[in-house]
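Engineer: Take a look at the following structure, please.
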Amino acid sequence: MNKLNGPKEIALTFDDGPDQLWTPRVLDIFAHYQVKATFFCVGQMVKYNPTILERIVKEGHIVGNHSWDHPDFTKIPLLAVHEQVERTSDQIEKVVGVRPRMVRPPYGAVNEEVSQLLAASDYEMILWDIDSWDWKGLTGPQVARNILGHVNPGAVVLQHSAGGTKDTLKGSMDALPYVIEVLSEQKYTFSTVSAMFQLAAYRERTCPVEKRRRGR
């Protein structure tokens with residue numbers, strides 16, 4: 001996924017939200033630094049925290065699909081994978097009126113069948129280049145080192161904006177301002193995944209006639 005000869009862009013991505021605790025803190029940091037990011041959202045979290053998803057979109061970030069309840073796609077039937085993805089897209093569309101095209105499989109777990117299913121359904125599968133390991137309850141300096149020690153142009157960074165025990169993601173929140181400041185000094189710009197790879201983030205809206213016909 002790297003664009004080694006391209007501009008010094010990097011994409012910060014956050015999985016597993018939206019929640020009421022960590023996601024707003026991430027959004028506050030991004031608002032302060034005027035940085036845009038990509039949030040891969042879990043369907044049931046969207047259902048329980050719709051106003052947080054609305055804030056993500058309103059503040060200019062991109063939303064992707066991260067399954068309904070975070071199963072390993074390689075350990076469930078393909079039909080169940082399809083249902084996980086479509087149910088999540090339905091929920092996101094219901095809340096904010098956009099239907100994601102980008103899917104990040106939970107745990108990054110995929111096989112040939114899952115890849116083919118997503119491609120056949122016109123989804124773009126998005127993994128990552130740099131894992132912050134923030135969900136392990138690391139300190140801020142540890143998370144920052146995991147990111148900054150591997151950075152290169154075109155890299156996709158994985159962090160989390162929900163999950164775990166109360167203190168699990170504190171290190172990620174502590175690291176984020178520092179990471180943004182260091183990368184900015186190194187003349188990196190922060191991009192969404194869709195902008196960096198020139199992908200359509202969302203499906204084209206159906207025309208009003210079709211919507212009426214489907215009774216929406």
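Chain labels A, B, ... are given in the sequence in which chains occur in the structure tokens; within each chain residues are numbered consecutively from 1, and ligands are likewise numbered from 1 in the order shown.
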Enumerate as a compact mmCIF listing (two decimals) with C-alpha atoms, in the first residue's frame all residues of stretch 51-201 of chain A assigned to strand (DSSP E or B) by DSSP on the backbone, naming them with the chain letters and numbers the document uses.
Structural biologist:
# COMPACT_ATOMS: atom_id res chain seq x y z
CA ILE A 62 -14.13 9.55 6.51
CA VAL A 63 -16.07 6.53 7.77
CA GLY A 64 -15.31 2.96 6.79
CA ASN A 65 -16.92 -0.39 7.60
CA PRO A 100 -19.06 3.13 2.93
CA MET A 102 -14.00 0.77 2.35
CA VAL A 103 -13.97 -2.29 4.59
CA GLU A 124 -12.31 -1.81 -1.17
CA MET A 125 -10.45 -3.79 1.45
CA ILE A 130 1.97 0.43 10.78
CA ASP A 131 0.38 -1.13 13.87
CA ALA A 155 1.74 4.55 5.15
CA VAL A 156 -1.56 3.67 6.81
CA VAL A 157 -1.38 3.77 10.62
CA LEU A 158 -3.65 1.63 12.81
CA GLN A 159 -4.92 2.93 16.15
CA HIS A 160 -8.17 2.41 18.05
CA THR A 189 0.62 15.88 5.62
CA PHE A 190 -2.31 13.91 7.04
CA SER A 191 -4.76 12.42 4.58
Engineer: Find the residues near A:Cys41: any atom within 8 Å, counting only C-alpha atoms, skip ones fewer than 2 places away on the same chain, and give them as a tab-separated table (two decimals) with N, CA, C and O atoms, in the first residue's frame.
Structural biologist:
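Saved file part-v7.tsv follows:
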chain	number	residue	atom	x	y	z
A	15	ASP	N	-9.89	2.26	14.59
A	15	ASP	CA	-10.85	1.16	14.52
A	15	ASP	C	-11.70	1.05	15.78
A	15	ASP	O	-11.35	1.57	16.84
A	16	ASP	N	-12.82	0.33	15.62
A	16	ASP	CA	-13.64	-0.22	16.71
A	16	ASP	C	-14.66	0.74	17.32
A	16	ASP	O	-15.48	0.33	18.13
A	17	GLY	N	-14.63	2.02	16.97
A	17	GLY	CA	-15.61	2.96	17.50
A	17	GLY	C	-16.89	2.94	16.68
A	17	GLY	O	-17.08	2.04	15.85
A	18	PRO	N	-17.73	3.93	16.90
A	18	PRO	CA	-17.56	5.03	17.85
A	18	PRO	C	-18.01	4.64	19.26
A	18	PRO	O	-18.94	3.86	19.41
A	39	PHE	N	-12.10	6.61	10.10
A	39	PHE	CA	-12.61	5.82	11.21
A	39	PHE	C	-13.32	4.58	10.67
A	39	PHE	O	-14.33	4.70	9.97
A	43	GLY	N	-20.57	-1.79	13.42
A	43	GLY	CA	-22.00	-1.51	13.26
A	43	GLY	C	-22.75	-1.37	14.56
A	43	GLY	O	-23.54	-0.44	14.75
A	45	MET	N	-21.63	-0.55	17.43
A	45	MET	CA	-21.20	0.67	18.12
A	45	MET	C	-21.88	1.90	17.51
A	45	MET	O	-22.23	2.84	18.22
A	46	VAL	N	-22.06	1.88	16.20
A	46	VAL	CA	-22.79	2.96	15.52
A	46	VAL	C	-24.23	3.01	16.02
A	46	VAL	O	-24.78	4.08	16.31
A	63	VAL	N	-15.60	7.70	7.04
A	63	VAL	CA	-16.07	6.53	7.77
A	63	VAL	C	-15.96	5.30	6.89
A	63	VAL	O	-16.38	5.31	5.73
A	64	GLY	N	-15.37	4.25	7.46
A	64	GLY	CA	-15.31	2.96	6.79
A	64	GLY	C	-16.05	1.90	7.60
A	64	GLY	O	-16.52	2.16	8.71
A	65	ASN	N	-16.14	0.71	7.05
A	65	ASN	CA	-16.92	-0.39	7.60
A	65	ASN	C	-15.96	-1.38	8.28
A	65	ASN	O	-14.98	-1.82	7.67
A	66	HIS	N	-16.24	-1.73	9.54
A	66	HIS	CA	-15.37	-2.63	10.29
A	66	HIS	C	-16.17	-3.79	10.88
A	66	HIS	O	-15.85	-4.28	11.97
A	67	SER	N	-17.22	-4.22	10.16
A	67	SER	CA	-18.08	-5.35	10.55
A	67	SER	C	-19.12	-4.93	11.58
A	67	SER	O	-19.06	-3.84	12.13
Engineer: Please provide the set of residues having any atom within 7 Å of A:Lys36, restricted to only C-alpha atoms, with same-chain residues fewer than 2 positions apart removed, written as a PyMOL selection string.
Structural biologist: chain A and resi 30+34+60-61+190-192
Engineer: Keeping N, CA, C and O atoms for every residue in the selection just given, could you write it to a file as an mmCIF file, in the first residue's frame?
Structural biologist:
data_model
loop_
_atom_site.group_PDB
_atom_site.id
_atom_site.type_symbol
_atom_site.label_atom_id
_atom_site.label_comp_id
_atom_site.auth_asym_id
_atom_site.auth_seq_id
_atom_site.Cartn_x
_atom_site.Cartn_y
_atom_site.Cartn_z
ATOM 1 N N PHE A 30 -7.959 15.869 16.898
ATOM 2 C CA PHE A 30 -7.945 16.175 15.461
ATOM 3 C C PHE A 30 -8.474 17.584 15.194
ATOM 4 O O PHE A 30 -7.971 18.287 14.316
ATOM 5 N N GLN A 34 -6.445 20.331 13.360
ATOM 6 C CA GLN A 34 -7.053 20.416 12.023
ATOM 7 C C GLN A 34 -6.553 19.289 11.112
ATOM 8 O O GLN A 34 -6.143 19.503 9.968
ATOM 9 N N GLY A 60 -15.586 16.257 9.108
ATOM 10 C CA GLY A 60 -14.817 16.079 7.886
ATOM 11 C C GLY A 60 -13.985 14.819 7.790
ATOM 12 O O GLY A 60 -13.152 14.683 6.889
ATOM 13 N N HIS A 61 -14.201 13.884 8.706
ATOM 14 C CA HIS A 61 -13.470 12.624 8.647
ATOM 15 C C HIS A 61 -14.229 11.630 7.763
ATOM 16 O O HIS A 61 -15.404 11.815 7.462
ATOM 17 N N PHE A 190 -1.399 14.968 6.595
ATOM 18 C CA PHE A 190 -2.305 13.910 7.038
ATOM 19 C C PHE A 190 -3.484 13.831 6.077
ATOM 20 O O PHE A 190 -4.130 14.833 5.787
ATOM 21 N N SER A 191 -3.727 12.627 5.589
ATOM 22 C CA SER A 191 -4.756 12.420 4.581
ATOM 23 C C SER A 191 -5.723 11.351 5.048
ATOM 24 O O SER A 191 -5.403 10.548 5.927
ATOM 25 N N THR A 192 -6.903 11.330 4.463
ATOM 26 C CA THR A 192 -7.781 10.176 4.658
ATOM 27 C C THR A 192 -7.315 9.063 3.722
ATOM 28 O O THR A 192 -6.615 9.314 2.734
#
Engineer: If you take only C-alpha atoms and a cut-off of 7 Å, which residues of stretch 27-99 of chain A touch stretch 193-208 of chain A, and what are their nearest atom pairs and distances in Å to one decimal, in chain and number order, as JSON lines?
Structural biologist:
{"residue": "A:Thr38", "atom": "CA", "partner": "A:Val193", "partner_atom": "CA", "distance": 6.4}
{"residue": "A:Val98", "atom": "CA", "partner": "A:Tyr202", "partner_atom": "CA", "distance": 6.2}
{"residue": "A:Arg99", "atom": "CA", "partner": "A:Tyr202", "partner_atom": "CA", "distance": 5.2}
Engineer: Please, which residues of stretch 2-198 of chain A, numbered as in this document, come out alpha helix (DSSP H) from DSSP, as number ranges by chain?
Structural biologist: A: 22-33, 43-48, 50-58, 78-96, 112-120, 140-148, 170-185, 193-196
Engineer: Given the choices A:Lys47, A:Lys136, A:Arg101, A:His32, which gets closest to A:Leu169 if the distance is worked out from only C-alpha atoms?
Structural biologist: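 Distance minimum relative to A:Leu169 lands on A:Lys136.
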Engineer: Can you tell me which residues surround stretch 111-122 of chain A at a distance of at most 9 Å, considering only C-alpha atoms, apart from same-chain residues fewer than 5 positions away, and format the answer as a ChimeraX atom specification?
Structural biologist: /A:73-74,78,81-82,85,101,103
Engineer: Using only C-alpha atoms, find the one residue out of A:Met173, A:Ala11, A:Ile92, A:Val57 that sits nearest to A:Tyr188.
Structural biologist: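 That would be A:Ala11, the residue with the smallest distance to A:Tyr188.
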Engineer: Excluding same-chain residues fewer than 5 positions from A:Val96, what lies within 9 Å of it counting only C-alpha atoms, as a ChimeraX atom specification?
Structural biologist: /A:50,53-54,57,91
Engineer: Any chance you can output those residues with C-alpha atoms as a PDB file, in the first residue's frame?
Structural biologist:
ATOM      1  CA  PRO A  50     -25.150   7.524  16.576  1.00  0.00           C
ATOM      2  CA  LEU A  53     -20.780   9.006  14.258  1.00  0.00           C
ATOM      3  CA  GLU A  54     -22.608  12.171  13.222  1.00  0.00           C
ATOM      4  CA  VAL A  57     -18.757  12.942   9.551  1.00  0.00           C
ATOM      5  CA  GLN A  91     -26.622   1.179   9.948  1.00  0.00           C
TER       6      GLN A  91
END
Engineer: Pick from A:Asp19, A:Glu59, A:Thr13, A:Lys8: nearest to A:Ile147, with only C-alpha atoms counted?
Structural biologist: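 So, comparing all the options, the nearest one is A:Thr13.
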Engineer: Using only C-alpha atoms, which protein or nucleic acid residues come within 9 Å of A:Pro24? Drop anything in the same chain fewer than 6 positions from it, and give the result as an MDAnalysis selection string.
Structural biologist: chainID A and resid 18 52 55:56 161
Engineer: Hey, can you spit out that residue selection with N, CA and C atoms as a PDB file, in the first residue's frame?
Structural biologist:
ATOM      1  N   PRO A  18     -17.732   3.929  16.903  1.00  0.00           N
ATOM      2  CA  PRO A  18     -17.559   5.028  17.854  1.00  0.00           C
ATOM      3  C   PRO A  18     -18.013   4.642  19.261  1.00  0.00           C
ATOM      4  N   ILE A  52     -22.126  10.254  17.989  1.00  0.00           N
ATOM      5  CA  ILE A  52     -20.671  10.325  17.824  1.00  0.00           C
ATOM      6  C   ILE A  52     -20.317  10.111  16.352  1.00  0.00           C
ATOM      7  N   ARG A  55     -20.890  13.244  14.552  1.00  0.00           N
ATOM      8  CA  ARG A  55     -19.805  14.202  14.763  1.00  0.00           C
ATOM      9  C   ARG A  55     -18.598  13.879  13.872  1.00  0.00           C
ATOM     10  N   ILE A  56     -18.260  12.594  13.758  1.00  0.00           N
ATOM     11  CA  ILE A  56     -17.124  12.184  12.907  1.00  0.00           C
ATOM     12  C   ILE A  56     -17.305  12.736  11.494  1.00  0.00           C
ATOM     13  N   SER A 161     -10.142   3.697  18.574  1.00  0.00           N
ATOM     14  CA  SER A 161     -10.892   4.767  19.236  1.00  0.00           C
ATOM     15  C   SER A 161     -11.988   4.206  20.126  1.00  0.00           C
TER      16      SER A 161
END
